[in-house]
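Participant: Pasting run_30.cif below, which is mmCIF, C-alpha atoms.
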data_input
#
loop_
_atom_site.group_PDB
_atom_site.id
_atom_site.type_symbol
_atom_site.label_atom_id
_atom_site.label_comp_id
_atom_site.auth_asym_id
_atom_site.auth_seq_id
_atom_site.Cartn_x
_atom_site.Cartn_y
_atom_site.Cartn_z
ATOM 1 C CA MET A 1 39.558 -36.170 66.755
ATOM 2 C CA SER A 2 38.548 -32.519 66.515
ATOM 3 C CA LYS A 3 35.827 -30.747 68.348
ATOM 4 C CA PHE A 4 33.263 -28.771 66.366
ATOM 5 C CA ASN A 5 30.695 -26.221 67.432
ATOM 6 C CA ILE A 6 27.333 -26.869 65.804
ATOM 7 C CA THR A 7 24.425 -24.508 65.331
ATOM 8 C CA ILE A 8 21.084 -25.672 63.951
ATOM 9 C CA GLU A 9 18.410 -23.204 62.920
ATOM 10 C CA ILE A 10 14.945 -24.724 62.712
ATOM 11 C CA MET A 11 11.971 -22.980 61.118
ATOM 12 C CA PRO A 12 8.351 -24.077 60.604
ATOM 13 C CA ILE A 13 7.636 -24.656 56.895
ATOM 14 C CA LYS A 14 5.301 -22.184 55.187
ATOM 15 C CA SER A 15 2.180 -24.332 55.133
ATOM 16 C CA VAL A 16 2.359 -24.876 58.899
ATOM 17 C CA LEU A 17 0.574 -22.646 61.391
ATOM 18 C CA ASP A 18 3.095 -20.565 63.359
ATOM 19 C CA PRO A 19 1.121 -19.187 66.324
ATOM 20 C CA GLN A 20 4.076 -17.276 67.779
ATOM 21 C CA GLY A 21 4.777 -15.438 64.533
ATOM 22 C CA GLU A 22 1.089 -14.717 64.131
ATOM 23 C CA ALA A 23 0.775 -13.339 67.667
ATOM 24 C CA ILE A 24 3.757 -10.998 67.171
ATOM 25 C CA GLU A 25 2.355 -9.777 63.869
ATOM 26 C CA LEU A 26 -1.126 -9.146 65.287
ATOM 27 C CA THR A 27 0.348 -7.141 68.163
ATOM 28 C CA LEU A 28 2.438 -4.977 65.852
ATOM 29 C CA LYS A 29 -0.567 -4.214 63.650
ATOM 30 C CA ASN A 30 -1.532 -1.639 66.275
ATOM 31 C CA ASN A 31 1.845 0.091 65.988
ATOM 32 C CA SER A 32 2.352 2.029 62.742
ATOM 33 C CA LYS A 33 5.979 2.850 63.579
ATOM 34 C CA TYR A 34 7.054 -0.642 62.503
ATOM 35 C CA PRO A 35 5.532 -1.663 59.151
ATOM 36 C CA ALA A 36 6.716 -5.253 59.684
ATOM 37 C CA SER A 37 5.058 -8.429 58.407
ATOM 38 C CA ASP A 38 5.585 -12.128 57.610
ATOM 39 C CA PHE A 39 6.875 -13.070 61.060
ATOM 40 C CA ARG A 40 7.937 -16.666 61.564
ATOM 41 C CA VAL A 41 9.413 -17.890 64.824
ATOM 42 C CA GLY A 42 11.781 -20.851 64.891
ATOM 43 C CA LYS A 43 14.396 -22.226 67.230
ATOM 44 C CA ARG A 44 18.160 -22.453 67.451
ATOM 45 C CA ILE A 45 20.025 -25.394 68.945
ATOM 46 C CA GLU A 46 23.735 -25.193 69.829
ATOM 47 C CA PHE A 47 25.995 -28.057 70.833
ATOM 48 C CA ALA A 48 29.513 -29.457 70.422
ATOM 49 C CA MET A 49 30.501 -32.678 68.679
ATOM 50 C CA GLU A 50 33.710 -34.633 68.246
ATOM 51 C CA SER A 51 34.563 -35.966 64.816
ATOM 52 C CA LYS A 52 37.660 -36.718 62.741
ATOM 53 C CA ASN A 53 36.799 -34.013 60.210
ATOM 54 C CA LYS A 54 34.125 -31.529 59.190
ATOM 55 C CA THR A 55 32.635 -33.756 56.469
ATOM 56 C CA ASN A 56 32.090 -36.651 58.872
ATOM 57 C CA CYS A 57 30.712 -34.264 61.433
ATOM 58 C CA MET A 58 28.178 -32.950 58.895
ATOM 59 C CA ILE A 59 26.984 -36.476 58.034
ATOM 60 C CA LEU A 60 26.443 -37.269 61.716
ATOM 61 C CA VAL A 61 24.700 -33.972 62.508
ATOM 62 C CA LYS A 62 22.389 -34.323 59.512
ATOM 63 C CA GLU A 63 21.407 -37.797 60.667
ATOM 64 C CA LEU A 64 20.763 -36.487 64.188
ATOM 65 C CA CYS A 65 18.519 -33.764 62.753
ATOM 66 C CA GLU A 66 16.528 -36.204 60.642
ATOM 67 C CA LYS A 67 16.117 -38.738 63.449
ATOM 68 C CA PHE A 68 15.530 -36.489 66.425
ATOM 69 C CA LEU A 69 16.057 -32.745 66.423
ATOM 70 C CA VAL A 70 13.851 -31.845 63.462
ATOM 71 C CA ASN A 71 10.494 -33.148 62.260
ATOM 72 C CA GLU A 72 10.669 -32.654 58.510
ATOM 73 C CA ILE A 73 6.908 -32.930 58.052
ATOM 74 C CA ILE A 74 6.593 -29.477 59.639
ATOM 75 C CA GLU A 75 10.106 -28.029 59.886
ATOM 76 C CA LYS A 76 13.108 -27.099 57.729
ATOM 77 C CA TYR A 77 16.611 -26.575 59.062
ATOM 78 C CA LYS A 78 20.095 -25.228 58.416
ATOM 79 C CA ILE A 79 23.306 -26.609 59.897
ATOM 80 C CA LYS A 80 26.366 -24.489 60.682
ATOM 81 C CA ILE A 81 29.601 -26.200 61.738
ATOM 82 C CA GLU A 82 32.649 -24.356 63.058
ATOM 83 C CA ASN A 83 35.962 -25.571 64.414
ATOM 84 C CA GLU A 84 36.170 -24.970 68.115
ATOM 85 C CA LYS A 85 38.239 -21.869 68.841
ATOM 86 C CA ASN A 86 41.101 -22.591 71.193
ATOM 87 C CA MET B 1 -11.563 -66.917 81.019
ATOM 88 C CA LYS B 2 -8.046 -65.709 80.322
ATOM 89 C CA LYS B 3 -7.479 -62.091 81.300
ATOM 90 C CA ILE B 4 -5.930 -59.693 78.807
ATOM 91 C CA ASN B 5 -2.603 -58.270 79.949
ATOM 92 C CA PHE B 6 -2.363 -54.510 79.378
ATOM 93 C CA GLY B 7 0.901 -52.592 79.793
ATOM 94 C CA ILE B 8 0.918 -48.853 80.430
ATOM 95 C CA ILE B 9 4.115 -46.986 79.556
ATOM 96 C CA GLN B 10 5.178 -44.297 82.028
ATOM 97 C CA PHE B 11 7.431 -41.420 81.018
ATOM 98 C CA PRO B 12 8.544 -38.584 83.275
ATOM 99 C CA GLY B 13 5.569 -36.242 82.901
ATOM 100 C CA SER B 14 2.913 -38.854 82.058
ATOM 101 C CA ASN B 15 -0.175 -38.052 84.127
ATOM 102 C CA CYS B 16 -3.090 -40.155 82.851
ATOM 103 C CA GLU B 17 -1.638 -43.592 83.553
ATOM 104 C CA GLN B 18 -3.552 -44.119 86.802
ATOM 105 C CA ASP B 19 -6.885 -43.364 85.125
ATOM 106 C CA CYS B 20 -6.118 -45.973 82.455
ATOM 107 C CA PHE B 21 -4.954 -48.470 85.080
ATOM 108 C CA TYR B 22 -8.175 -47.962 87.072
ATOM 109 C CA VAL B 23 -10.386 -48.561 84.031
ATOM 110 C CA ILE B 24 -8.533 -51.696 82.948
ATOM 111 C CA ARG B 25 -8.079 -53.268 86.383
ATOM 112 C CA HIS B 26 -11.153 -52.172 88.322
ATOM 113 C CA ILE B 27 -13.850 -51.588 85.715
ATOM 114 C CA LEU B 28 -12.954 -54.078 83.010
ATOM 115 C CA LYS B 29 -11.351 -56.594 85.427
ATOM 116 C CA GLN B 30 -8.311 -57.289 83.254
ATOM 117 C CA ASP B 31 -4.615 -57.481 84.175
ATOM 118 C CA CYS B 32 -2.563 -54.321 83.987
ATOM 119 C CA THR B 33 1.013 -53.289 84.775
ATOM 120 C CA TYR B 34 3.039 -50.097 84.507
ATOM 121 C CA ILE B 35 6.169 -50.152 82.354
ATOM 122 C CA TRP B 36 8.782 -47.480 83.150
ATOM 123 C CA HIS B 37 10.345 -45.782 80.092
ATOM 124 C CA ASP B 38 13.788 -47.001 81.133
ATOM 125 C CA SER B 39 12.786 -50.696 81.016
ATOM 126 C CA SER B 40 14.438 -52.914 78.462
ATOM 127 C CA SER B 41 11.467 -55.243 78.084
ATOM 128 C CA LEU B 42 7.718 -55.002 77.529
ATOM 129 C CA ARG B 43 7.218 -58.321 79.350
ATOM 130 C CA ASN B 44 4.338 -60.474 78.143
ATOM 131 C CA ILE B 45 1.738 -57.870 77.387
ATOM 132 C CA ASP B 46 -1.153 -58.211 74.923
ATOM 133 C CA CYS B 47 -1.889 -54.506 74.498
ATOM 134 C CA LEU B 48 0.189 -51.409 75.092
ATOM 135 C CA ILE B 49 -1.281 -48.118 76.315
ATOM 136 C CA ILE B 50 0.692 -44.895 75.941
ATOM 137 C CA PRO B 51 -1.154 -42.516 78.262
ATOM 138 C CA GLY B 52 -1.651 -38.770 78.206
ATOM 139 C CA GLY B 53 0.408 -36.157 79.976
ATOM 140 C CA PHE B 54 3.354 -33.930 79.204
ATOM 141 C CA SER B 55 6.216 -36.374 78.716
ATOM 142 C CA TYR B 56 9.571 -34.625 79.209
ATOM 143 C CA GLY B 57 7.753 -31.324 79.642
ATOM 144 C CA ASP B 58 6.829 -31.285 75.928
ATOM 145 C CA TYR B 59 10.414 -30.114 75.273
ATOM 146 C CA LEU B 60 11.683 -29.851 71.661
ATOM 147 C CA ARG B 61 8.339 -31.027 70.185
ATOM 148 C CA THR B 62 5.486 -32.805 71.974
ATOM 149 C CA GLY B 63 6.375 -36.491 72.179
ATOM 150 C CA ALA B 64 9.792 -36.077 70.521
ATOM 151 C CA ILE B 65 11.956 -36.923 73.512
ATOM 152 C CA ALA B 66 9.745 -39.819 74.632
ATOM 153 C CA ALA B 67 10.152 -41.261 71.121
ATOM 154 C CA GLN B 68 13.926 -41.497 71.745
ATOM 155 C CA SER B 69 13.693 -43.194 75.161
ATOM 156 C CA LYS B 70 15.047 -46.671 75.893
ATOM 157 C CA ILE B 71 11.610 -48.321 75.629
ATOM 158 C CA SER B 72 10.833 -46.732 72.228
ATOM 159 C CA SER B 73 12.592 -49.387 70.134
ATOM 160 C CA LYS B 74 10.596 -52.065 72.010
ATOM 161 C CA ILE B 75 7.331 -50.195 71.337
ATOM 162 C CA ARG B 76 8.209 -49.949 67.642
ATOM 163 C CA LYS B 77 9.073 -53.662 67.444
ATOM 164 C CA PHE B 78 5.869 -54.654 69.287
ATOM 165 C CA ALA B 79 3.764 -52.552 66.886
ATOM 166 C CA LYS B 80 5.585 -53.774 63.772
ATOM 167 C CA GLU B 81 4.936 -57.375 64.841
ATOM 168 C CA GLY B 82 1.204 -56.650 65.020
ATOM 169 C CA GLY B 83 0.890 -55.875 68.745
ATOM 170 C CA ILE B 84 -2.032 -53.636 69.681
ATOM 171 C CA VAL B 85 -0.986 -50.135 70.711
ATOM 172 C CA ILE B 86 -3.231 -47.263 71.774
ATOM 173 C CA GLY B 87 -1.858 -43.764 72.354
ATOM 174 C CA ILE B 88 -4.097 -41.270 74.106
ATOM 175 C CA CYS B 89 -3.441 -37.503 73.831
ATOM 176 C CA ASN B 90 0.311 -37.183 74.531
ATOM 177 C CA GLY B 91 0.453 -40.894 73.647
ATOM 178 C CA PHE B 92 -0.888 -40.000 70.176
ATOM 179 C CA GLN B 93 1.796 -37.309 69.844
ATOM 180 C CA ILE B 94 4.456 -39.859 70.834
ATOM 181 C CA LEU B 95 3.165 -42.367 68.239
ATOM 182 C CA THR B 96 3.502 -39.771 65.450
ATOM 183 C CA GLU B 97 7.055 -38.977 66.593
ATOM 184 C CA LEU B 98 7.796 -42.720 66.614
ATOM 185 C CA LYS B 99 6.541 -42.692 62.990
ATOM 186 C CA LEU B 100 4.058 -45.428 63.849
ATOM 187 C CA LEU B 101 1.288 -43.010 62.842
ATOM 188 C CA PRO B 102 1.380 -40.361 60.101
ATOM 189 C CA GLY B 103 1.435 -36.597 60.628
ATOM 190 C CA VAL B 104 2.256 -34.202 63.444
ATOM 191 C CA LEU B 105 0.038 -32.673 66.129
ATOM 192 C CA LEU B 106 0.375 -28.880 66.000
ATOM 193 C CA ARG B 107 -0.846 -26.154 68.342
ATOM 194 C CA ASN B 108 -4.638 -25.729 68.349
ATOM 195 C CA THR B 109 -5.647 -22.984 65.918
ATOM 196 C CA SER B 110 -7.197 -21.012 68.807
ATOM 197 C CA LEU B 111 -3.809 -21.183 70.573
ATOM 198 C CA ASN B 112 -5.712 -22.162 73.721
ATOM 199 C CA PHE B 113 -5.406 -25.256 75.866
ATOM 200 C CA ILE B 114 -8.871 -26.780 75.361
ATOM 201 C CA CYS B 115 -10.427 -28.857 78.135
ATOM 202 C CA LYS B 116 -14.060 -29.774 77.430
ATOM 203 C CA ASP B 117 -16.437 -32.503 76.313
ATOM 204 C CA VAL B 118 -16.643 -32.918 72.533
ATOM 205 C CA ASN B 119 -18.879 -34.928 70.235
ATOM 206 C CA LEU B 120 -17.166 -37.581 68.173
ATOM 207 C CA LYS B 121 -18.371 -39.641 65.262
ATOM 208 C CA ILE B 122 -17.307 -43.266 64.802
ATOM 209 C CA SER B 123 -15.988 -43.095 61.242
ATOM 210 C CA ASN B 124 -14.741 -46.669 61.091
ATOM 211 C CA GLU B 125 -16.614 -49.204 63.214
ATOM 212 C CA ASP B 126 -14.664 -52.141 61.784
ATOM 213 C CA SER B 127 -11.404 -51.313 63.548
ATOM 214 C CA ILE B 128 -9.920 -53.287 66.453
ATOM 215 C CA PHE B 129 -10.659 -50.278 68.656
ATOM 216 C CA THR B 130 -14.269 -49.476 67.691
ATOM 217 C CA SER B 131 -16.061 -52.785 67.053
ATOM 218 C CA ASP B 132 -18.122 -52.256 70.229
ATOM 219 C CA TYR B 133 -19.760 -49.203 68.619
ATOM 220 C CA SER B 134 -22.091 -48.876 65.641
ATOM 221 C CA LYS B 135 -21.375 -46.981 62.407
ATOM 222 C CA GLY B 136 -21.898 -43.254 62.743
ATOM 223 C CA GLN B 137 -22.508 -43.500 66.506
ATOM 224 C CA ILE B 138 -21.933 -40.187 68.275
ATOM 225 C CA LEU B 139 -19.900 -40.240 71.486
ATOM 226 C CA LYS B 140 -19.267 -37.574 74.109
ATOM 227 C CA ILE B 141 -15.682 -37.754 75.370
ATOM 228 C CA PRO B 142 -13.505 -34.988 76.883
ATOM 229 C CA ILE B 143 -10.408 -33.523 75.263
ATOM 230 C CA ALA B 144 -7.651 -31.738 77.214
ATOM 231 C CA HIS B 145 -4.797 -30.518 75.052
ATOM 232 C CA ALA B 146 -2.955 -27.578 73.518
ATOM 233 C CA GLU B 147 -1.516 -29.546 70.578
ATOM 234 C CA GLY B 148 -4.255 -31.609 68.955
ATOM 235 C CA ASN B 149 -4.354 -30.008 65.539
ATOM 236 C CA LEU B 150 -3.391 -32.908 63.262
ATOM 237 C CA PHE B 151 -1.289 -31.838 60.277
ATOM 238 C CA LEU B 152 -0.795 -34.234 57.372
ATOM 239 C CA ASN B 153 0.925 -33.625 54.076
ATOM 240 C CA LYS B 154 -0.917 -34.289 50.810
ATOM 241 C CA SER B 155 0.309 -37.846 50.289
ATOM 242 C CA GLU B 156 -0.479 -38.747 53.900
ATOM 243 C CA ILE B 157 -4.058 -37.457 53.491
ATOM 244 C CA LYS B 158 -4.504 -39.584 50.362
ATOM 245 C CA ASP B 159 -3.180 -42.651 52.164
ATOM 246 C CA ILE B 160 -5.283 -42.399 55.314
ATOM 247 C CA VAL B 161 -8.461 -42.037 53.246
ATOM 248 C CA LYS B 162 -7.463 -44.881 50.921
ATOM 249 C CA PHE B 163 -6.650 -47.264 53.771
ATOM 250 C CA ASN B 164 -9.661 -46.297 55.915
ATOM 251 C CA GLN B 165 -7.452 -45.052 58.752
ATOM 252 C CA ILE B 166 -9.797 -42.328 60.037
ATOM 253 C CA ILE B 167 -11.364 -43.866 63.145
ATOM 254 C CA LEU B 168 -12.873 -40.899 65.025
ATOM 255 C CA GLN B 169 -13.869 -37.409 63.870
ATOM 256 C CA TYR B 170 -15.009 -34.307 65.744
ATOM 257 C CA SER B 171 -18.642 -33.760 64.774
ATOM 258 C CA ASP B 172 -21.901 -32.229 65.941
ATOM 259 C CA LEU B 173 -24.738 -34.317 67.399
ATOM 260 C CA LYS B 174 -25.993 -35.107 63.889
ATOM 261 C CA GLY B 175 -22.606 -36.378 62.788
ATOM 262 C CA VAL B 176 -21.728 -33.317 60.700
ATOM 263 C CA CYS B 177 -17.994 -32.688 60.562
ATOM 264 C CA ASN B 178 -17.198 -29.067 59.737
ATOM 265 C CA LYS B 179 -15.409 -26.002 61.076
ATOM 266 C CA ASN B 180 -18.068 -25.446 63.736
ATOM 267 C CA SER B 181 -17.648 -28.929 65.144
ATOM 268 C CA ASN B 182 -13.837 -28.815 64.987
ATOM 269 C CA PRO B 183 -12.319 -27.709 68.324
ATOM 270 C CA ASN B 184 -8.659 -27.488 67.346
ATOM 271 C CA GLY B 185 -8.263 -27.102 63.561
ATOM 272 C CA SER B 186 -7.405 -30.760 62.986
ATOM 273 C CA ILE B 187 -7.379 -31.750 59.316
ATOM 274 C CA LEU B 188 -10.634 -33.466 58.175
ATOM 275 C CA ASN B 189 -11.862 -33.040 61.807
ATOM 276 C CA ILE B 190 -9.713 -36.034 62.738
ATOM 277 C CA ALA B 191 -9.721 -36.980 66.425
ATOM 278 C CA GLY B 192 -8.273 -40.483 66.029
ATOM 279 C CA ILE B 193 -6.390 -42.395 63.326
ATOM 280 C CA SER B 194 -4.912 -45.845 62.991
ATOM 281 C CA ASN B 195 -1.909 -47.079 61.069
ATOM 282 C CA LYS B 196 -2.438 -48.843 57.704
ATOM 283 C CA GLU B 197 -2.347 -52.268 59.340
ATOM 284 C CA GLY B 198 -4.961 -51.196 61.879
ATOM 285 C CA ASN B 199 -3.179 -52.356 65.056
ATOM 286 C CA VAL B 200 -2.048 -48.896 66.257
ATOM 287 C CA LEU B 201 -4.497 -46.153 67.256
ATOM 288 C CA GLY B 202 -3.786 -42.569 68.283
ATOM 289 C CA LEU B 203 -6.567 -40.351 69.602
ATOM 290 C CA MET B 204 -6.683 -36.960 71.301
ATOM 291 C CA PRO B 205 -9.892 -37.505 73.372
ATOM 292 C CA HIS B 206 -9.619 -39.322 76.716
ATOM 293 C CA PRO B 207 -11.827 -42.475 76.720
ATOM 294 C CA GLU B 208 -10.460 -43.462 80.170
ATOM 295 C CA ARG B 209 -12.195 -40.412 81.659
ATOM 296 C CA VAL B 210 -15.677 -41.553 80.607
ATOM 297 C CA SER B 211 -15.705 -45.256 81.367
ATOM 298 C CA GLU B 212 -18.032 -45.295 84.384
ATOM 299 C CA ASN B 213 -21.300 -43.515 85.138
ATOM 300 C CA LEU B 214 -19.909 -41.887 88.271
ATOM 301 C CA LEU B 215 -17.637 -39.797 86.036
ATOM 302 C CA GLY B 216 -20.412 -38.729 83.696
ATOM 303 C CA GLY B 217 -20.691 -41.430 81.066
ATOM 304 C CA LEU B 218 -19.662 -44.701 79.508
ATOM 305 C CA ASP B 219 -18.870 -43.516 75.997
ATOM 306 C CA GLY B 220 -15.138 -44.201 76.297
ATOM 307 C CA LYS B 221 -15.425 -47.716 77.699
ATOM 308 C CA GLY B 222 -16.202 -49.209 74.277
ATOM 309 C CA ILE B 223 -12.675 -48.466 73.029
ATOM 310 C CA PHE B 224 -11.173 -50.729 75.707
ATOM 311 C CA LYS B 225 -13.988 -53.276 75.395
ATOM 312 C CA SER B 226 -13.365 -53.494 71.633
ATOM 313 C CA ILE B 227 -9.692 -54.287 72.271
ATOM 314 C CA ILE B 228 -10.622 -56.963 74.829
ATOM 315 C CA ASN B 229 -13.191 -58.497 72.438
ATOM 316 C CA HIS B 230 -10.565 -58.608 69.705
ATOM 317 C CA LEU B 231 -8.007 -60.329 71.931
ATOM 318 C CA THR B 232 -10.397 -62.800 73.573
#
Taking this structure as input, can you express it in the form of structure tokens?

Facilitator:
Amino acid sequence: MSKFNITIEIMPIKSVLDPQGEAIELTLKNNSKYPASDFRVGKRIEFAMESKNKTNCMILVKELCEKFLVNEIIEKYKIKIENEKN
Amino acid sequence: MKKINFGIIQFPGSNCEQDCFYVIRHILKQDCTYIWHDSSSLRNIDCLIIPGGFSYGDYLRTGAIAAQSKISSKIRKFAKEGGIVIGICNGFQILTELKLLPGVLLRNTSLNFICKDVNLKISNEDSIFTSDYSKGQILKIPIAHAEGNLFLNKSEIKDIVKFNQIILQYSDLKGVCNKNSNPNGSILNIAGISNKEGNVLGLMPHPERVSENLLGGLDGKGIFKSIINHLT
């Protein structure tokens, strides 16, 4: 068994209200120094998982996302898997 | 006459279970027990109440962690076998995360926690939960939530209309459902929906808080009375 470090980036899909992104954008509207727009705020989850190889690990992590960590009605996600550095 | 046996699920962070218990046991004179989230059995209950609160501190997404607890598979099985389940406020959020009801409850469009009385229209008086009311009847029941803005994708909207799943809608006193009578941005002004089969209801308003005159009204009592009538 190998140990893998997993990172999951979760973002609200476009059609979903993102109050945090909206609040940041509204605040910056008063500051002409930063002409920034289209803010979206998501979340990042990090954890470790044991698996015999990276492919198996990916299958398991994807299932965990679909069943628990992500709600696909309102969120999209990206998985990053790295071998644990010794 | 046989008493109906209600079970109220308690999660860490539930905070409306005692109000529900009081209404069932002391106002409606039925049997009622608490069921801790770590239990492996629902015992012999006739109706399951998932009360309001902030289960697991609303971590990850509201209701998401509660939907993974030990009791969740028993709740799902009970509902799939036709058992009557009512989820109030956080209980509604948990039922959507359990996929027993469609959609997700997002932050209110105002971004505020809203705690006030709202007017509600009975949109389906034929359901297990609303037979004690008449069609189009307007109720006054309080809401108290930050995430009550129901989001449904296009196919879910089509389905809930087709299968008559809209039970309660935010409205004005004349029964008009529009932006002005919508406190939280919920799609189609929805305050309560059932599953296709009609045995599971989720609603954001708190009927247990208006079930005796001392607390300002009786408009919520009919929800529980309808369930009792159905089971008797």

Participant: Kindly extract all protein, DNA and RNA residues lying within 7 Å of the coordinates (-7.2, -41.7, 67.8) given in the file, considering only C-alpha atoms, and supply them as a list in words.

Facilitator: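 The answer, in the requested form, is Phe92, Ile167, Leu168, Ala191, Gly192, Ile193, Ser194, Leu201, Gly202, Leu203 and Met204 of chain B.
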
Participant: Quick one: which residues from chain A are at most 8 Å off chain B, using only C-alpha atoms, as a compact mmCIF listing (two decimals) with C-alpha atoms, keeping the file's coordinate frame?

Facilitator:
# COMPACT_ATOMS: atom_id res chain seq x y z
CA VAL A 16 2.36 -24.88 58.90
CA LEU A 17 0.57 -22.65 61.39
CA PRO A 19 1.12 -19.19 66.32
CA PHE A 68 15.53 -36.49 66.42
CA LEU A 69 16.06 -32.74 66.42
CA ILE A 73 6.91 -32.93 58.05
CA ILE A 74 6.59 -29.48 59.64

Participant: For the file shown, what are the residues hit by the PyMOL selection byres ((chain A and resi 70) around 12), laid out as a VMD selection string?

Facilitator: (chain A and resid 8 to 13 42 to 45 61 to 69 71 to 79) or (chain B and resid 60 to 62 64 to 65 97 104)

Participant: Please list as a VMD selection string every residue within 8 Å of segment 19-21 of chain B, counting all atoms listed in the file and excluding residues in the same chain fewer than 4 positions away.

Facilitator: chain B and resid 8 25 to 26 32 to 33 51 208 to 209

Participant: Using the chain letters and numbers from the file, which residues does the PyMOL selection byres ((chain A and resi 50) around 12) grab, as a VMD selection string?

Facilitator: chain A and resid 1 to 6 47 to 49 51 to 58 60 to 61 81 to 84

Participant: Go ahead and write the residues just picked, C-alpha atoms, as a short mmCIF file (atom, residue, chain, number, x, y, z; two decimals), in the coordinates of the input.

Facilitator:
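Output below, filename result28.cif:
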data_model
loop_
_atom_site.label_atom_id
_atom_site.label_comp_id
_atom_site.auth_asym_id
_atom_site.auth_seq_id
_atom_site.Cartn_x
_atom_site.Cartn_y
_atom_site.Cartn_z
CA MET A 1 39.56 -36.17 66.76
CA SER A 2 38.55 -32.52 66.52
CA LYS A 3 35.83 -30.75 68.35
CA PHE A 4 33.26 -28.77 66.37
CA ASN A 5 30.70 -26.22 67.43
CA ILE A 6 27.33 -26.87 65.80
CA PHE A 47 26.00 -28.06 70.83
CA ALA A 48 29.51 -29.46 70.42
CA MET A 49 30.50 -32.68 68.68
CA SER A 51 34.56 -35.97 64.82
CA LYS A 52 37.66 -36.72 62.74
CA ASN A 53 36.80 -34.01 60.21
CA LYS A 54 34.12 -31.53 59.19
CA THR A 55 32.64 -33.76 56.47
CA ASN A 56 32.09 -36.65 58.87
CA CYS A 57 30.71 -34.26 61.43
CA MET A 58 28.18 -32.95 58.90
CA LEU A 60 26.44 -37.27 61.72
CA VAL A 61 24.70 -33.97 62.51
CA ILE A 81 29.60 -26.20 61.74
CA GLU A 82 32.65 -24.36 63.06
CA ASN A 83 35.96 -25.57 64.41
CA GLU A 84 36.17 -24.97 68.11
#

Participant: Taking only C-alpha atoms into account, name the residue in B:Thr232, B:Asn15, B:Ser186, B:Ser211 that is nearest to Gln169 of chain B.

Facilitator: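 For Gln169 of chain B, the nearest of the candidates is B:Ser186.
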
Participant: Translate the PyMOL selection byres ((chain B and resi 118-121) around 10) into a concrete residue list for this structure, as a PyMOL selection string.

Facilitator: chain B and resi 115-117+122-125+134-143+167-177+181-183+189-192+205+219

Participant: State, in Å with one decimal place, the distance from atom CA of Cys47 of chain B to atom CA of Val200 of chain B.

Facilitator: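 Computing the Euclidean distance for atom CA of Cys47 of chain B and atom CA of Val200 of chain B yields 10.0 Å.
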
Participant: What is the atom CA of Ile4 of chain B to atom CA of Leu231 of chain B distance in Å?

Facilitator: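 Taking atom CA of Ile4 of chain B and atom CA of Leu231 of chain B, their separation equals 7.2 Å.
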
Participant: Quick one: distance from atom CA of Gly7 of chain B to atom CA of Thr130 of chain B in Å, one decimal?

Facilitator: 19.7 Å

Participant: May I have the centre and edge lengths, in Å to one decimal, of an axis-aligned box around the listed atoms of segment 199-208 of chain B with 4 Å added to every side, as AutoDock Vina command-line options?

Facilitator:
--center_x -6.9 --center_y -44.7 --center_z 72.6 --size_x 17.8 --size_y 23.4 --size_z 23.1

Participant: Write a file for segment 29-53 of chain B, containing C-alpha atoms (output as a JSON list (two decimals), in the first residue's frame).

Facilitator:
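Output (result.json):
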[["chain", "number", "residue", "atom", "x", "y", "z"],
["B", 29, "LYS", "CA", -51.32, 13.69, 23.15],
["B", 30, "GLN", "CA", -49.42, 11.18, 21.02],
["B", 31, "ASP", "CA", -46.36, 9.06, 21.85],
["B", 32, "CYS", "CA", -42.95, 10.50, 21.11],
["B", 33, "THR", "CA", -39.33, 9.44, 21.62],
["B", 34, "TYR", "CA", -35.93, 10.90, 20.80],
["B", 35, "ILE", "CA", -33.61, 8.87, 18.59],
["B", 36, "TRP", "CA", -29.89, 9.69, 18.88],
["B", 37, "HIS", "CA", -28.00, 9.88, 15.55],
["B", 38, "ASP", "CA", -25.70, 7.07, 16.66],
["B", 39, "SER", "CA", -28.57, 4.58, 17.14],
["B", 40, "SER", "CA", -28.70, 1.55, 14.91],
["B", 41, "SER", "CA", -32.48, 1.25, 14.99],
["B", 42, "LEU", "CA", -35.52, 3.48, 14.52],
["B", 43, "ARG", "CA", -37.55, 1.23, 16.84],
["B", 44, "ASN", "CA", -41.25, 0.94, 16.07],
["B", 45, "ILE", "CA", -42.06, 4.45, 15.00],
["B", 46, "ASP", "CA", -44.92, 5.51, 12.71],
["B", 47, "CYS", "CA", -43.55, 8.92, 11.75],
["B", 48, "LEU", "CA", -40.06, 10.37, 11.79],
["B", 49, "ILE", "CA", -39.34, 14.03, 12.54],
["B", 50, "ILE", "CA", -35.98, 15.54, 11.61],
["B", 51, "PRO", "CA", -35.95, 18.78, 13.60],
["B", 52, "GLY", "CA", -34.32, 22.14, 12.98],
["B", 53, "GLY", "CA", -30.98, 23.33, 14.26]]
